[in-house]
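Listing of work-v8.txt, compact mmCIF, C-alpha atoms
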```
# COMPACT_ATOMS: atom_id res chain seq x y z
CA MET Q 1 0.00 0.00 0.00
CA LYS Q 2 1.70 3.08 -1.30
CA TRP Q 3 -0.30 5.46 0.91
CA LEU Q 4 0.89 3.69 4.05
CA HIS Q 5 4.45 3.75 2.76
CA ASN Q 6 4.21 7.48 2.12
CA LEU Q 7 2.55 8.15 5.46
CA LEU Q 8 5.18 6.29 7.47
CA LYS Q 9 8.00 7.76 5.44
CA GLY Q 10 6.82 11.23 6.34
CA LEU Q 11 6.93 10.55 10.07
CA SER Q 12 10.18 11.36 11.80
CA LEU Q 13 9.42 8.63 14.32
CA THR Q 14 9.82 5.97 11.67
CA ALA Q 15 12.47 7.70 9.56
CA VAL Q 16 15.18 5.25 10.54
CA LEU Q 17 13.21 2.41 8.97
CA PHE Q 18 13.49 4.08 5.59
CA VAL Q 19 17.24 4.47 5.61
CA VAL Q 20 18.30 1.94 3.03
CA GLN Q 21 21.88 0.81 3.17
CA ALA Q 22 23.02 -2.36 1.49
CA CYS Q 23 25.20 -4.45 3.77
CA TYR Q 24 28.29 -3.85 1.61
CA GLY Q 25 27.26 -0.51 0.12
CA THR Q 26 27.61 3.10 1.22
CA PRO Q 27 25.42 5.22 3.44
CA PRO Q 28 22.60 6.64 1.34
CA GLY Q 29 22.62 9.96 -0.43
CA TYR Q 30 23.93 13.01 1.30
CA PRO Q 31 24.27 14.13 4.90
CA GLU Q 32 20.84 14.56 6.44
CA ASP Q 33 21.15 18.31 6.77
CA TYR Q 34 22.65 18.91 3.35
CA ASP Q 35 20.40 20.25 0.63
CA PHE Q 36 22.18 19.85 -2.66
CA PRO Q 37 21.31 22.59 -5.18
CA GLU Q 38 21.08 21.09 -8.62
CA GLU Q 39 23.33 23.58 -10.30
CA GLU Q 40 25.87 24.08 -7.59
CA VAL Q 41 29.47 23.29 -8.34
CA ILE Q 42 30.64 21.88 -5.08
CA GLN Q 43 33.91 23.05 -3.70
CA PRO Q 44 35.38 20.76 -1.07
CA THR Q 45 35.93 22.17 2.36
CA VAL Q 46 39.08 20.13 2.88
CA GLU Q 47 41.87 21.88 1.13
CA THR Q 48 45.56 22.45 1.67
CA PRO Q 49 48.06 24.45 -0.37
CA GLU Q 50 49.51 21.18 -1.65
CA ALA Q 51 46.12 20.06 -2.86
CA ALA Q 52 45.44 23.38 -4.51
CA ALA Q 53 48.70 23.09 -6.39
CA THR Q 54 47.91 19.62 -7.61
CA GLU Q 55 46.05 19.25 -10.80
CA ALA Q 56 42.62 18.00 -9.87
CA GLY Q 57 42.10 14.43 -10.85
CA THR Q 58 45.69 13.35 -10.88
CA PRO Q 59 46.59 11.08 -7.99
CA GLU Q 60 49.83 12.33 -6.50
CA THR Q 61 51.49 9.03 -5.96
CA GLU Q 62 50.25 6.59 -8.51
CA ASP Q 63 48.41 6.63 -11.77
CA PRO Q 64 45.39 4.33 -11.63
CA GLU Q 65 45.85 3.57 -15.29
CA ALA Q 66 49.29 2.20 -14.59
CA VAL Q 67 47.71 -0.46 -12.40
CA LYS Q 68 46.34 -2.09 -15.50
CA ALA Q 69 49.82 -3.22 -16.32
CA GLU Q 70 50.39 -4.87 -12.95
CA MET P 71 6.36 -8.69 20.85
CA LEU P 72 4.25 -5.89 19.40
CA ARG P 73 7.35 -4.20 18.02
CA ASP P 74 8.31 -7.29 16.03
CA THR P 75 4.80 -7.72 14.73
CA LEU P 76 4.61 -4.12 13.58
CA PHE P 77 7.95 -4.44 11.89
CA ARG P 78 6.83 -7.54 10.00
CA LEU P 79 3.83 -5.60 8.72
CA PHE P 80 6.08 -2.72 7.72
CA ARG P 81 8.43 -5.10 5.92
CA ALA P 82 5.58 -6.77 4.08
CA ASN P 83 4.27 -3.41 2.92
CA GLU P 84 7.69 -2.23 1.80
CA THR P 85 8.10 -5.45 -0.14
CA LYS P 86 4.77 -4.91 -1.86
CA VAL P 87 5.57 -1.29 -2.75
CA HIS P 88 9.20 -2.18 -3.69
CA GLU P 89 10.38 1.37 -4.22
CA LEU P 90 13.76 1.45 -5.95
CA ASN P 91 16.01 3.85 -4.08
CA TYR P 92 19.45 2.27 -4.13
CA LEU P 93 21.13 1.23 -7.38
CA PHE P 94 24.58 -0.30 -7.48
CA TRP P 95 26.67 0.07 -10.58
CA GLU P 96 29.54 -2.40 -10.82
CA CYS P 97 31.43 0.03 -13.01
CA THR P 98 34.67 -1.97 -13.16
CA THR P 99 35.97 -5.29 -11.96
CA ARG P 100 39.58 -4.15 -12.15
CA CYS P 101 41.24 -3.74 -8.80
CA ASN P 102 44.66 -2.71 -7.54
CA LEU P 103 44.42 -4.90 -4.43
CA HIS P 104 44.02 -8.62 -3.94
CA CYS P 105 41.74 -8.93 -0.94
CA ARG P 106 41.42 -12.26 0.81
CA HIS P 107 37.69 -11.79 1.23
CA CYS P 108 36.86 -10.58 -2.26
CA GLY P 109 33.60 -12.16 -3.29
CA SER P 110 34.06 -11.32 -6.90
CA ASP P 111 37.66 -12.49 -7.33
CA CYS P 112 38.57 -9.11 -8.80
CA MET P 113 41.99 -8.65 -10.31
CA ALA P 114 44.00 -5.85 -11.85
CA ALA P 115 43.84 -7.35 -15.31
CA SER P 116 40.20 -8.32 -15.23
CA GLU P 117 38.91 -9.81 -18.46
CA ASP P 118 35.82 -7.65 -18.16
CA ILE P 119 36.13 -4.27 -19.75
CA ASP P 120 34.66 -1.36 -17.83
CA MET P 121 31.08 -0.73 -18.80
CA PRO P 122 30.91 2.44 -20.90
CA LEU P 123 29.25 5.30 -19.05
CA GLU P 124 26.71 5.87 -21.78
CA ASP P 125 25.49 2.26 -21.47
CA PHE P 126 24.80 2.71 -17.79
CA LEU P 127 23.15 6.08 -18.32
CA ARG P 128 20.86 4.57 -20.91
CA ALA P 129 19.73 2.06 -18.31
CA LEU P 130 19.41 4.72 -15.61
CA ASP P 131 17.29 6.85 -17.91
CA THR P 132 14.69 4.11 -18.19
CA ILE P 133 13.66 4.97 -14.62
CA PRO P 134 11.00 7.70 -14.87
CA VAL P 135 11.90 10.82 -12.92
CA LYS P 136 8.61 10.65 -11.03
CA GLU P 137 9.47 7.14 -9.88
CA ARG P 138 12.76 8.20 -8.32
CA PRO P 139 12.37 9.09 -4.65
CA PRO P 140 14.49 12.02 -3.42
CA GLU P 141 16.94 9.69 -1.68
CA PHE P 142 17.50 7.54 -4.79
CA THR P 143 21.24 6.92 -4.96
CA VAL P 144 23.58 5.33 -7.48
CA VAL P 145 26.36 3.50 -5.65
CA LEU P 146 29.55 3.03 -7.63
CA THR P 147 31.29 -0.21 -6.80
CA GLY P 148 33.74 -2.62 -8.32
CA GLY P 149 36.47 -3.69 -8.38
CA GLU P 150 37.95 -0.38 -7.42
CA PRO P 151 35.90 2.45 -8.95
CA LEU P 152 38.81 4.89 -8.80
CA LEU P 153 40.58 2.85 -11.48
CA ARG P 154 38.13 4.30 -13.96
CA PRO P 155 39.80 7.31 -15.52
CA ASP P 156 36.38 8.88 -16.15
CA ILE P 157 35.15 8.55 -12.56
CA ALA P 158 34.46 12.27 -12.16
CA GLU P 159 32.67 12.38 -15.49
CA VAL P 160 30.57 9.46 -14.29
CA GLY P 161 29.65 11.36 -11.14
CA ARG P 162 28.79 14.55 -12.96
CA ALA P 163 26.62 12.75 -15.48
CA ILE P 164 24.64 11.13 -12.68
CA ARG P 165 24.28 14.43 -10.81
CA GLN P 166 23.14 16.16 -13.98
CA ARG P 167 20.16 13.83 -13.87
CA GLY P 168 19.34 15.03 -10.36
CA VAL P 169 20.44 11.71 -8.91
CA ARG P 170 22.66 11.32 -5.88
CA TRP P 171 25.71 9.16 -6.12
CA SER P 172 28.18 7.53 -3.78
CA MET P 173 31.12 5.16 -3.93
CA VAL P 174 32.75 2.22 -2.18
CA SER P 175 36.54 2.40 -2.36
CA ASN P 176 39.62 0.81 -0.86
CA GLY P 177 41.07 4.32 -0.53
CA TRP P 178 44.40 3.60 -2.25
CA PHE P 179 43.98 6.39 -4.81
CA TYR P 180 41.97 8.69 -2.57
CA ASP P 181 44.33 11.58 -2.03
CA GLU P 182 43.46 15.25 -1.71
CA ALA P 183 43.35 15.81 -5.43
CA MET P 184 40.95 12.91 -5.86
CA HIS P 185 38.86 14.18 -2.97
CA ARG P 186 38.55 17.57 -4.63
CA LYS P 187 37.70 16.04 -7.95
CA LEU P 188 34.97 13.78 -6.61
CA MET P 189 33.41 16.41 -4.37
CA GLY P 190 33.37 18.69 -7.38
CA ALA P 191 31.49 15.98 -9.24
CA GLY P 192 28.81 15.89 -6.54
CA MET P 193 29.71 12.79 -4.57
CA GLY P 194 27.45 12.64 -1.55
CA ALA P 195 28.44 9.51 0.32
CA LEU P 196 31.55 7.40 0.57
CA THR P 197 32.62 4.20 2.22
CA ILE P 198 36.26 3.33 2.77
CA SER P 199 37.32 -0.13 3.89
CA LEU P 200 39.64 -0.70 6.82
CA ASP P 201 39.94 -4.31 7.89
CA GLY P 202 42.51 -4.10 10.66
CA LEU P 203 45.43 -2.08 11.92
CA ASP P 204 48.72 -1.81 10.05
CA GLU P 205 49.93 -5.17 8.73
CA ASN P 206 46.60 -6.84 9.45
CA HIS P 207 44.90 -4.56 6.97
CA ASP P 208 47.65 -5.14 4.41
CA TRP P 209 47.41 -8.90 4.96
CA MET P 210 43.69 -8.77 4.35
CA ARG P 211 44.07 -6.51 1.33
CA GLY P 212 46.93 -8.45 -0.21
CA ARG P 213 49.19 -5.48 -0.72
CA SER P 214 51.82 -3.77 1.38
CA GLY P 215 51.14 -0.09 1.92
CA ALA P 216 47.37 -0.41 1.77
CA TYR P 217 46.97 0.64 5.42
CA PRO P 218 48.53 4.13 5.27
CA ARG P 219 46.65 4.80 2.04
CA ALA P 220 43.36 3.84 3.64
CA GLU P 221 44.20 5.88 6.72
CA ARG P 222 44.89 8.93 4.56
CA ALA P 223 41.62 8.50 2.71
CA ILE P 224 39.67 8.10 5.93
CA ALA P 225 41.15 11.25 7.45
CA LEU P 226 40.28 13.24 4.32
CA ALA P 227 36.74 11.96 4.08
CA ALA P 228 36.02 12.23 7.80
CA ALA P 229 36.94 15.92 7.73
CA GLU P 230 34.46 16.62 4.95
CA PRO P 231 31.08 17.72 6.33
CA ARG P 232 29.46 17.50 2.91
CA LEU P 233 30.01 13.77 2.77
CA ASN P 234 27.91 11.06 4.36
CA PHE P 235 30.91 8.94 5.19
CA ASP P 236 31.49 5.69 6.96
CA VAL P 237 34.25 3.16 7.41
CA VAL P 238 33.46 -0.48 6.84
CA SER P 239 35.48 -3.27 8.39
CA CYS P 240 35.42 -6.95 7.64
CA ILE P 241 36.27 -8.55 10.97
CA ASN P 242 38.23 -11.78 10.79
CA ARG P 243 40.23 -13.96 13.16
CA ARG P 244 43.08 -11.48 13.22
CA SER P 245 41.19 -8.23 13.56
CA ILE P 246 38.80 -9.56 16.22
CA THR P 247 41.70 -9.04 18.63
CA GLN P 248 42.01 -5.40 17.58
CA LEU P 249 38.46 -4.15 18.03
CA ASP P 250 39.17 -1.66 20.77
CA ALA P 251 42.34 -0.41 19.08
CA LEU P 252 40.47 -0.06 15.78
CA TYR P 253 37.73 1.88 17.53
CA GLU P 254 40.24 4.27 19.05
CA LYS P 255 42.06 4.69 15.75
CA LEU P 256 38.88 5.57 13.90
CA VAL P 257 37.83 8.03 16.60
CA SER P 258 41.25 9.67 16.35
CA LEU P 259 40.73 10.05 12.60
CA GLY P 260 37.41 11.82 13.16
CA VAL P 261 35.18 9.00 11.91
CA ARG P 262 31.55 9.24 13.00
CA GLN P 263 30.14 6.03 11.55
CA TRP P 264 31.74 2.59 11.67
CA ARG P 265 30.02 -0.37 10.06
CA ILE P 266 31.21 -3.88 10.73
CA PHE P 267 30.54 -7.01 8.74
CA THR P 268 31.79 -10.56 8.62
CA ILE P 269 32.77 -12.74 5.76
CA ILE P 270 30.56 -15.11 3.84
CA PRO P 271 32.16 -18.26 2.48
CA ILE P 272 32.29 -17.35 -1.20
CA GLY P 273 35.03 -16.28 -3.61
CA ARG P 274 38.56 -16.37 -2.26
CA ALA P 275 37.38 -16.52 1.34
CA LYS P 276 35.60 -19.82 0.93
CA ASP P 277 38.51 -22.01 1.94
CA ASP P 278 40.43 -19.57 4.10
CA PRO P 279 40.00 -20.47 7.79
CA ASP P 280 41.62 -17.23 8.98
CA MET P 281 38.70 -15.35 7.53
CA HIS P 282 35.88 -16.96 9.42
CA LEU P 283 35.01 -16.13 13.01
CA GLY P 284 34.08 -18.98 15.30
CA ASP P 285 30.74 -18.80 17.08
CA ALA P 286 32.33 -17.50 20.30
CA GLN P 287 34.19 -14.83 18.35
CA PHE P 288 31.03 -13.85 16.53
CA LYS P 289 29.26 -13.36 19.85
CA GLN P 290 32.26 -11.40 21.10
CA LEU P 291 31.85 -9.11 18.12
CA MET P 292 28.12 -8.67 18.77
CA ASP P 293 28.81 -7.91 22.46
CA PHE P 294 31.40 -5.35 21.44
CA ILE P 295 29.01 -3.53 19.12
CA GLN P 296 26.18 -3.69 21.62
CA ALA P 297 28.37 -2.25 24.37
CA LYS P 298 29.54 0.60 22.16
CA ARG P 299 25.99 1.44 21.14
CA GLU P 300 24.75 1.37 24.71
CA ALA P 301 27.62 3.60 25.82
CA ALA P 302 26.87 6.03 23.01
CA ALA P 303 23.17 6.10 23.86
CA ALA P 304 24.04 7.02 27.42
CA VAL P 305 25.83 10.17 26.30
CA LYS P 306 23.27 12.96 26.53
CA GLU P 307 25.48 16.01 26.15
CA GLY P 308 28.46 17.03 24.08
CA PRO P 309 29.59 15.51 20.80
CA ARG P 310 27.97 12.27 19.77
CA PRO P 311 30.29 9.28 20.05
CA MET P 312 31.09 7.34 16.90
CA ASN P 313 28.13 5.26 15.77
CA VAL P 314 29.13 1.59 15.62
CA THR P 315 26.77 -0.70 13.78
CA PHE P 316 26.62 -4.19 12.35
CA SER P 317 25.80 -4.43 8.68
CA CYS P 318 22.43 -5.74 7.61
CA GLU P 319 23.94 -9.01 6.42
CA GLY P 320 21.87 -11.46 8.41
CA TYR P 321 19.31 -12.14 11.12
CA LEU P 322 20.86 -11.99 14.59
CA GLY P 323 18.31 -13.43 17.00
CA ARG P 324 18.78 -11.96 20.47
CA TYR P 325 21.05 -9.23 19.12
CA GLU P 326 18.35 -7.80 16.88
CA TRP P 327 17.53 -4.17 17.79
CA LYS P 328 20.82 -4.04 19.77
CA VAL P 329 23.59 -3.83 17.19
CA ARG P 330 21.79 -1.85 14.48
CA SER P 331 19.41 1.09 14.38
CA HIS P 332 16.81 -1.15 12.78
CA PRO P 333 16.07 -4.85 12.71
CA PHE P 334 17.24 -7.17 9.97
CA PHE P 335 15.64 -6.58 6.60
CA CYS P 336 17.33 -7.79 3.43
CA ARG P 337 16.18 -5.19 0.94
CA ALA P 338 17.85 -6.73 -2.12
CA GLY P 339 15.33 -6.66 -4.94
CA ILE P 340 12.92 -4.76 -2.69
CA ASN P 341 14.68 -1.40 -2.58
CA ILE P 342 18.08 -2.35 -4.00
CA ALA P 343 19.12 -3.34 -7.50
CA SER P 344 22.41 -3.53 -9.32
CA VAL P 345 23.72 -3.17 -12.83
CA LEU P 346 26.62 -5.61 -13.07
CA ILE P 347 29.74 -5.34 -15.18
CA ASP P 348 28.28 -7.37 -18.05
CA GLY P 349 24.94 -5.59 -17.96
CA ARG P 350 23.10 -8.13 -15.90
CA ILE P 351 20.48 -6.77 -13.52
CA CYS P 352 20.42 -8.26 -10.05
CA GLY P 353 19.95 -7.42 -6.37
CA CYS P 354 23.17 -6.56 -4.54
CA PRO P 355 26.40 -7.33 -6.45
CA ASN P 356 27.46 -9.96 -3.92
CA ILE P 357 24.38 -12.05 -4.63
CA ASP P 358 24.93 -15.09 -6.83
CA ARG P 359 24.39 -13.51 -10.20
CA ASP P 360 24.20 -16.80 -12.07
CA ALA P 361 21.35 -17.89 -9.85
CA PHE P 362 19.48 -14.62 -9.39
CA ALA P 363 20.11 -12.19 -12.27
CA GLN P 364 16.77 -10.86 -13.50
CA GLY P 365 17.67 -9.44 -16.87
CA ASN P 366 20.33 -7.51 -18.75
CA ILE P 367 20.40 -3.84 -19.62
CA TYR P 368 21.61 -4.73 -23.12
CA GLN P 369 18.37 -6.58 -23.78
CA ASP P 370 15.89 -5.28 -21.23
CA SER P 371 14.65 -2.03 -19.77
CA LEU P 372 16.04 -1.70 -16.26
CA TRP P 373 12.79 -0.15 -15.10
CA GLU P 374 10.62 -2.84 -16.67
CA VAL P 375 12.74 -5.52 -15.05
CA TRP P 376 12.49 -3.79 -11.68
CA GLN P 377 8.74 -3.49 -11.93
CA HIS P 378 7.85 -6.90 -13.26
CA ARG P 379 10.56 -9.37 -12.26
CA PHE P 380 12.54 -9.86 -9.03
CA HIS P 381 9.97 -12.37 -7.76
CA PRO P 382 12.52 -14.52 -5.86
CA PHE P 383 13.59 -11.40 -4.00
CA ARG P 384 10.10 -10.27 -3.06
CA ASP P 385 8.71 -13.67 -2.13
CA ARG P 386 11.30 -15.55 -0.11
CA SER P 387 9.13 -18.60 0.50
CA TRP P 388 11.39 -20.61 -1.83
CA ALA P 389 14.14 -20.28 0.84
CA ARG P 390 12.19 -22.29 3.39
CA ARG P 391 14.26 -25.37 2.76
CA GLY P 392 17.13 -27.24 4.41
CA PRO P 393 17.68 -25.99 7.98
CA CYS P 394 15.40 -23.02 7.30
CA ALA P 395 12.40 -25.28 6.67
CA GLY P 396 11.64 -25.89 10.31
CA CYS P 397 13.40 -22.92 11.85
CA LYS P 398 11.47 -21.13 14.57
CA VAL P 399 12.74 -17.68 13.57
CA TRP P 400 11.77 -18.02 9.91
CA ARG P 401 9.18 -15.25 9.96
CA ASP P 402 11.80 -12.73 11.10
CA CYS P 403 14.76 -14.12 9.17
CA LEU P 404 13.13 -15.22 5.88
CA GLY P 405 16.19 -17.25 4.95
CA ASN P 406 18.78 -14.63 5.93
CA GLY P 407 20.34 -12.18 3.43
CA MET P 408 20.03 -13.13 -0.23
CA HIS P 409 23.81 -13.16 -0.59
CA ASN P 410 23.84 -16.19 1.69
CA TRP P 411 22.31 -18.33 -1.06
CA HIS P 412 24.62 -19.60 -3.75
CA GLY P 413 24.94 -22.22 -6.43
CA ASP P 414 22.08 -24.69 -6.40
CA CYS P 415 20.60 -22.90 -3.36
CA ARG P 416 19.79 -26.16 -1.63
CA GLU P 417 20.35 -24.52 1.74
CA VAL P 418 21.60 -21.27 3.22
CA ILE P 419 25.41 -21.23 3.37
CA ASN P 420 25.67 -18.91 6.35
CA CYS P 421 23.29 -18.74 9.32
CA HIS P 422 23.99 -15.78 11.60
CA TYR P 423 21.22 -16.80 13.97
CA ARG P 424 22.87 -20.13 14.80
CA LYS P 425 26.08 -18.29 15.71
CA THR P 426 24.26 -16.20 18.31
CA LEU P 427 22.79 -19.16 20.23
```

Turn the structure described in the file into structure tokens.
Amino acid sequence: MKWLHNLLKGLSLTAVLFVVQACYGTPPGYPEDYDFPEEEVIQPTVETPEAAATEAGTPETEDPEAVKAE
Amino acid sequence: MLRDTLFRLFRANETKVHELNYLFWECTTRCNLHCRHCGSDCMAASEDIDMPLEDFLRALDTIPVKERPPEFTVVLTGGEPLLRPDIAEVGRAIRQRGVRWSMVSNGWFYDEAMHRKLMGAGMGALTISLDGLDENHDWMRGRSGAYPRAERAIALAAAEPRLNFDVVSCINRRSITQLDALYEKLVSLGVRQWRIFTIIPIGRAKDDPDMHLGDAQFKQLMDFIQAKREAAAAVKEGPRPMNVTFSCEGYLGRYEWKVRSHPFFCRAGINIASVLIDGRICGCPNIDRDAFAQGNIYQDSLWEVWQHRFHPFRDRSWARRGPCAGCKVWRDCLGNGMHNWHGDCREVINCHYRKTL
């Protein structure tokens, strides 16, 4: 019954029952208090001068592509 | 108990509604590690080529927007997802569809640059594996140097408030002796959620005795988690202690309601689906795909398959066989997690309940 599903899902008392997390998966979605704007380009809050100087997307210590040859 | 009865009714209703809100994508089976517990026998030079992004997106787009609940999440898994050179492009393409995405990683390649790149691509949740301290983690992961890499990744992710982050640990005969030290290490790294699971006898782990906890060790693990949760619940002021939880991998008898925030409910095929490396559509990726795949995105519509197939997942009566046939906890367990059924499925290969007696 979809109406019952929707009703329970809307109650904070039962919210924990609707948190789906596969046993070997990740926590769901985003932090509870985080509202993700569709168009926002997210800037990470963890940043150091070293990171800023590193070209984004290039692992500093090993190229994932090189692992193919292992 | 009334609570158990109400939960059974809730579970039955959720099964009937079967809202899809958690979709795995096994985006690669290549991996840079050689984990002892790997259920998929991943390897660096996997014969499977990575599924092209556009193939997955075509499948994802079969799900009508109005049928996607707000929390609907695509979970990138592998293999090691960070071996895909287009991982950020993958994330952005998913976000552009208004869909949340997350990733399971061993953390080897997760440095600050990668963190920036993935956050910029809209990653919302992340799980990093840590299976022991120092050499125990490396032993489990089959590669020297895995521990400091994982530790670095965990510290980065734990410091990121925009990430729903947890650490997952597969506890084995070695790491069971390190539970308190592991707890303290994770707290020192700023981790707020720690999820623990145990091994199921499939893949490489099948014939590895070091991997499997004895019954007494399993109960020791349950007691550890229960004690940590009770201690955390007793804290009424100040920062919340790290949340320790057992994964939803099986029915736990007397430990139900005590080691998780919710009772056991295997949601594979009820809320969870996966697109596997070869396009097959299944429940969770660790479920026997030869026995339980429900279709293939290269021949079928993912959404049609979700709506009209998945019967073995939504009616578990077929699992009432072998030891489960006369089991007194059947109505709460329903044959344990689906990943505990393999091959000819004559009987469940792993009974968590028996270990708790």

Selection: 9 Å around His5 in chain Q, only C-alpha atoms, excl. self and same-chain fewer than 6 positions, as an NGL selection string: :P and (80 or 83-84 or 87)

Would you save the residues from that selection as a PDB file, in the coordinates of the input, using C-alpha atoms?
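For reference, out_33.pdb as written:
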```pdb
ATOM      1  CA  PHE P  80       6.080  -2.720   7.720  1.00  0.00           C
ATOM      2  CA  ASN P  83       4.270  -3.410   2.920  1.00  0.00           C
ATOM      3  CA  GLU P  84       7.690  -2.230   1.800  1.00  0.00           C
ATOM      4  CA  VAL P  87       5.570  -1.290  -2.750  1.00  0.00           C
TER       5      VAL P  87
END
```

Counting only C-alpha atoms, give me one row per residue of range 135-162 of chain P with an atom at most 10 Å from an atom of range 92-106 of chain P, showing the shortest contact pair and its distance in Å to one decimal, sorted by chain then residue number, as CSV.
```
residue,atom,partner,partner_atom,distance
P:Arg138,CA,P:Tyr92,CA,9.9
P:Pro139,CA,P:Tyr92,CA,9.8
P:Glu141,CA,P:Tyr92,CA,8.2
P:Phe142,CA,P:Tyr92,CA,5.7
P:Thr143,CA,P:Tyr92,CA,5.1
P:Val144,CA,P:Leu93,CA,4.8
P:Val145,CA,P:Phe94,CA,4.6
P:Leu146,CA,P:Trp95,CA,5.1
P:Thr147,CA,P:Glu96,CA,4.9
P:Gly148,CA,P:Glu96,CA,4.9
P:Gly149,CA,P:Thr99,CA,4.0
P:Glu150,CA,P:Cys101,CA,4.9
P:Pro151,CA,P:Thr98,CA,6.2
P:Leu152,CA,P:Cys101,CA,9.0
P:Leu153,CA,P:Arg100,CA,7.1
P:Arg154,CA,P:Thr98,CA,7.2
P:Ile157,CA,P:Cys97,CA,9.3
P:Val160,CA,P:Cys97,CA,9.6
```

Leaving out Lys425 in chain P and any residue of its chain fewer than 6 positions from it, which residues lie within 8 Å of it when counting all atoms listed in the file, given as a PyMOL selection string? chain P and resi 285-286+288-289

Within 8 Å of Arg219 in chain P using all atoms listed in the file, minus same-chain residues under 2 positions, as a list in words: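 Non-adjacent residues within range: Gly177, Trp178, Phe179, Tyr180, Gly215, Ala216, Tyr217, Glu221, Arg222 and Ala223 of chain P.
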
For range 232-246 of chain P, list every protein, DNA or RNA residue within 9 Å, evaluated using all atoms listed in the file, and leave out those in the same chain fewer than 2 positions away; present the list as a ChimeraX atom specification. /Q:24,26-32,34,44-45 /P:107,172,189,193-203,206-207,210,224,227-230,248-249,252,256,261-269,279-284,287-288,290-291,317

Which polymer residues, whether protein, DNA or RNA, lie within 9 Å of the coordinate (15.7, 3.0, 10.3) when you count only C-alpha atoms? List them as an MDAnalysis selection string, using the chain letters and numbers from the file. (chainID Q and resid 14:20) or (chainID P and resid 330:333)

Have a look at CA of Pro311 in chain P and CA of Phe294 in chain P and let me know their distance in Å, one decimal.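 Rounded to one decimal, the two atoms are 14.7 Å apart.
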
All residues 8 Å or closer to Gly365 in chain P, all atoms listed in the file, same chain fewer than 6 positions away omitted, as a list in words: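 Near neighbours after the sequence-gap exclusion: Arg350, Ile351, Cys352, Leu372 and Val375 of chain P.
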
Keeping only C-alpha atoms, take the residues you just selected and write them out as a short mmCIF file (atom, residue, chain, number, x, y, z; two decimals), in the frame of the given file.
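Below is the file selection.cif, written as the result:
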```cif
data_model
loop_
_atom_site.label_atom_id
_atom_site.label_comp_id
_atom_site.auth_asym_id
_atom_site.auth_seq_id
_atom_site.Cartn_x
_atom_site.Cartn_y
_atom_site.Cartn_z
CA ARG P 350 23.10 -8.13 -15.90
CA ILE P 351 20.48 -6.77 -13.52
CA CYS P 352 20.42 -8.26 -10.05
CA LEU P 372 16.04 -1.70 -16.26
CA VAL P 375 12.74 -5.52 -15.05
#
```

Two-atom distance - CA of Cys354 in chain P, CA of Arg390 in chain P (Å):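 Separating CA of Cys354 in chain P from CA of Arg390 in chain P is a distance of 20.8 Å.
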